Amino acid sequence: MKSIRLYILIVLIVLLLSGCTPKQGKQFNVLMIAVDDLRPELGCYGNTIVKSPNIDQLANMGVLFENSYCNSPVSGASRASLLTGSRPTKNRFIHYYTRADIEIPEAICLSQHFKNNGYTTVSNGKVFHHFDDRSESWDENWRPKTNATWRDYHIDKNVSLELSGGGPPFEIADVHDTIYHDGKLAEKTISDLKKLKAQNKPFFLAAGFVKPHLPFNAPKKYWDMYSSSDFKPTKRAFWPLNAPKEAFHNSGELRAYHGVPEKDFISDSTSVQLQHGYYACISYIDAQIGKILEAIEDLGLANNTIVMLWGDHGWNLGEHGLWCKHCNFNTSLKAPLIIKAPGYAEGKLSPALTEFIDIFPTLSELCNLGIPESIEGKSLVPLLENPEEEWTDYVICKYHDGLTIKTSEYAYTEWRDYKDSLISAMLFDHVNDINETNNLINDSEFKKTRENLSKKLHENKGDNYYKKNALTTNQ
Ligand SMILES: [Ca+2]
């Protein structure tokens with residue numbers, strides 16, 4: 001009897017000391033860090049050249065999702081999908097300028113869900129693609145001022161070029177971190193953490209960094225962390241064998257910048273400069289994220305704040321002869337996702353295939369808010385408890401008319417016209433050809449595989465796929 005009383009006493013003391021367990025209804029704060037155009041080019045994802053110590057440290061404290069996929073590889077569409085937990089459809093979530101308030105007005109968005117449940121919601125920087133999209137869902141909605149245009153050049157010559165038609169694809173300025181958008185963003189976010197801590201209600205704070213999006217403008221000290229000899233002209237800068245023309249584009253986003261040729265392959269020296277710039281921008285935002293993570297620790301918020309980081313889609317650094325995103329290759333679809341939740345797994349990798357529509361239900365479950373019925377994703381909380389748990393073996397991503405199903409073994413993409421007739425397709429063996437160099441679609445050995453993947457793709461592309469009443473932003 002005595003030992004039972006002692007046991008109960010110990011349990012009560014442990015519960016008192018630890019607050020309560022996540023499953024007992026605690027409402028954590030949320031810090032959601034969104035990073036524009038960041039592919040998993042990070043130390044914690046196995047890259048040995050890039051310097052990303054702060055994001056690596058975040059991964060050491062939480063769960064890193066090794067096979068995380070965006071649902072659409074372009075900013076506005078990816079974010080509208082992620083923030084409403086809804087899949088792209090045949091005519092929904094297509095462009096970089098997609099708006100959630102126009103294309104899916106009936107869906108509750110993540111920030112509104114938290115606001116409705118008593119949270120203070122704050123958006124700093126680029127969270128939705130458009131500043132005024134679903135702005136009523138935030139108690140405060142703020143973006144830093146940029147210099148002259150959104151591209152935020154700070155070298156006079158570049159500002160002049162920008163104002164007369166377009167600046168260069170990168171800038172090396174010997175300036176303080178806070179001169180550019182993302183340094184200002186970190187300062188504001190830290191100041192908010194101090195204010196929000198003093199409130200007696202939980203907060204949902206989103207910090208949206210704009211680098212490493214083009215142009216690669218970063219303070220010189222981050223460029224100086226690398227030398228050009230760290231980079232080689234892109235390997236595999238060629239079209240995969242037998243890939244259809246629908247898979248490609250002219251890297252138009254990059255070519256819009258001053259000094260980049262309008263057509264033809266990007267030169268080796270430009271390829272090296274661009275990779276250098278992309279890495280400098282990653283180290284720049286990593287340092288800003290480090291300041292915010294340090295503030296979380298210093299303010300004593302670490303034990304009751306979930307920290308999540310995602311990049312809104314992947315990016316091509318010259319692979320397949322492509323730059324930027326806008327395609328159905330793995331380079332463009334795979335994106336980083338890290339979640340640190342108090343009381344859940346720490347320093348673990350999850351090999352599960354996950355997609356960004358899973359983020360809404362995951363944060364909702366972690367904070368005990370309930371998951372709205374409209375959500376098409378699946379909560380990742382079981383993977384935060386056991387990162388190696390067996391999981392659904394597919395994700396589905398869409399870019400324009402290309403619909404991709406990715407499994408642990410394959411990536412299969414179909415392009416269909418407006419009548420839904422098949423135009424072309426591609427199939428890559430991800431066990432033996434993860435770099436997607438050889439399209440096997442016409443290989444008779446893979447006929448059955450192709451048929452099975454097509455069937456699975458159409459069975460799971462979403463109940464609303466053909467829904468007619470969804471509007472596109474440009475209508
Ligand atoms: Ca983006």
# chains A, B, ... in the order shown; residues from 1 in each chain; ligands from 1
call {"tool": "residues_near_ligand", "arguments": {"ligand": "ligand 1", "cutoff": "7 Å", "atoms": "only C-alpha atoms and all ligand atoms", "output": "PyMOL selection string"}}
result
chain A and resi 36-37+74-75+213+312-313
call {"tool": "select_by_dssp", "arguments": {"residues": "range 258-446 of chain A", "states": "alpha helix (DSSP H)", "output": "PyMOL selection string"}}
result
chain A and resi 268-298+330-333+359-366+381-385
call {"tool": "closest_residue", "arguments": {"among": "A:Ser374, A:Ser269, A:Asn29, A:Asn460", "to": "Ala107 in chain A", "atoms": "only C-alpha atoms"}}
result
A:Ser374
call {"tool": "residues_around", "arguments": {"residues": "Arg99 in chain A", "least_positions_apart": "3", "cutoff": "12 Å", "atoms": "only C-alpha atoms", "output": "MDAnalysis selection string"}}
result
chainID A and resid 75:81 83:84 92:96 102:105 109 127:135 470:475
call {"tool": "closest_residue", "arguments": {"among": "A:Gln112, A:Gln288, A:Ala237, A:Leu363", "to": "Glu187 in chain A", "atoms": "only C-alpha atoms"}}
result
A:Gln288
call {"tool": "residues_around", "arguments": {"residues": "Ala34 in chain A", "least_positions_apart": "4", "cutoff": "8 Å", "atoms": "only C-alpha atoms", "output": "list in words"}}
result
Lys126, Val127, Ala206, Ala207, Gly208, Phe209, Leu309, Trp310, Gly311 and Asp312 of chain A
call {"tool": "write_last_selection", "arguments": {"atoms": "C-alpha atoms", "output": "PDB file, in the first residue's frame"}}
result
ATOM      1  CA  LYS A 126       6.176  36.539 -46.634  1.00  0.00           C
ATOM      2  CA  VAL A 127       3.750  33.926 -45.326  1.00  0.00           C
ATOM      3  CA  ALA A 206       4.834  33.159 -38.551  1.00  0.00           C
ATOM      4  CA  ALA A 207       8.160  34.469 -39.874  1.00  0.00           C
ATOM      5  CA  GLY A 208       8.475  34.369 -43.660  1.00  0.00           C
ATOM      6  CA  PHE A 209      12.026  34.798 -44.993  1.00  0.00           C
ATOM      7  CA  LEU A 309      10.533  25.270 -40.547  1.00  0.00           C
ATOM      8  CA  TRP A 310       9.625  24.697 -44.180  1.00  0.00           C
ATOM      9  CA  GLY A 311      10.875  25.885 -47.568  1.00  0.00           C
ATOM     10  CA  ASP A 312       7.910  26.527 -49.863  1.00  0.00           C
TER      11      ASP A 312
END
call {"tool": "closest_residue", "arguments": {"among": "A:Gly347, A:Pro88, A:Gly62, A:Gly402", "to": "Glu246 in chain A", "atoms": "only C-alpha atoms"}}
result
A:Gly402
call {"tool": "residues_around", "arguments": {"residues": "range 148-154 of chain A", "least_positions_apart": "4", "cutoff": "12 Å", "atoms": "only C-alpha atoms", "output": "ChimeraX atom specification"}}
result
/A:125-126,143-144,158-182,210-220,257
call {"tool": "residues_around", "arguments": {"residues": "Pro233 in chain A", "least_positions_apart": "5", "cutoff": "7 Å", "atoms": "only C-alpha atoms", "output": "compact mmCIF listing (two decimals) with N, CA and C atoms, in the first residue's frame"}}
result
# COMPACT_ATOMS: atom_id res chain seq x y z
N ASP A 268 29.15 28.23 -67.56
CA ASP A 268 29.73 27.62 -66.37
C ASP A 268 30.06 28.66 -65.30
N SER A 271 26.91 29.78 -63.69
CA SER A 271 26.41 28.69 -62.86
C SER A 271 27.10 28.69 -61.49
N VAL A 272 28.42 28.87 -61.50
CA VAL A 272 29.18 28.88 -60.24
C VAL A 272 28.78 30.10 -59.39
call {"tool": "residues_around", "arguments": {"residues": "Glu297 in chain A", "least_positions_apart": "6", "cutoff": "12 Å", "atoms": "only C-alpha atoms", "output": "list in words"}}
result
Leu58, Ile190, Leu193, Lys194, Gly290, Lys291, Asn303, Asn304, Thr305 and Val307 of chain A
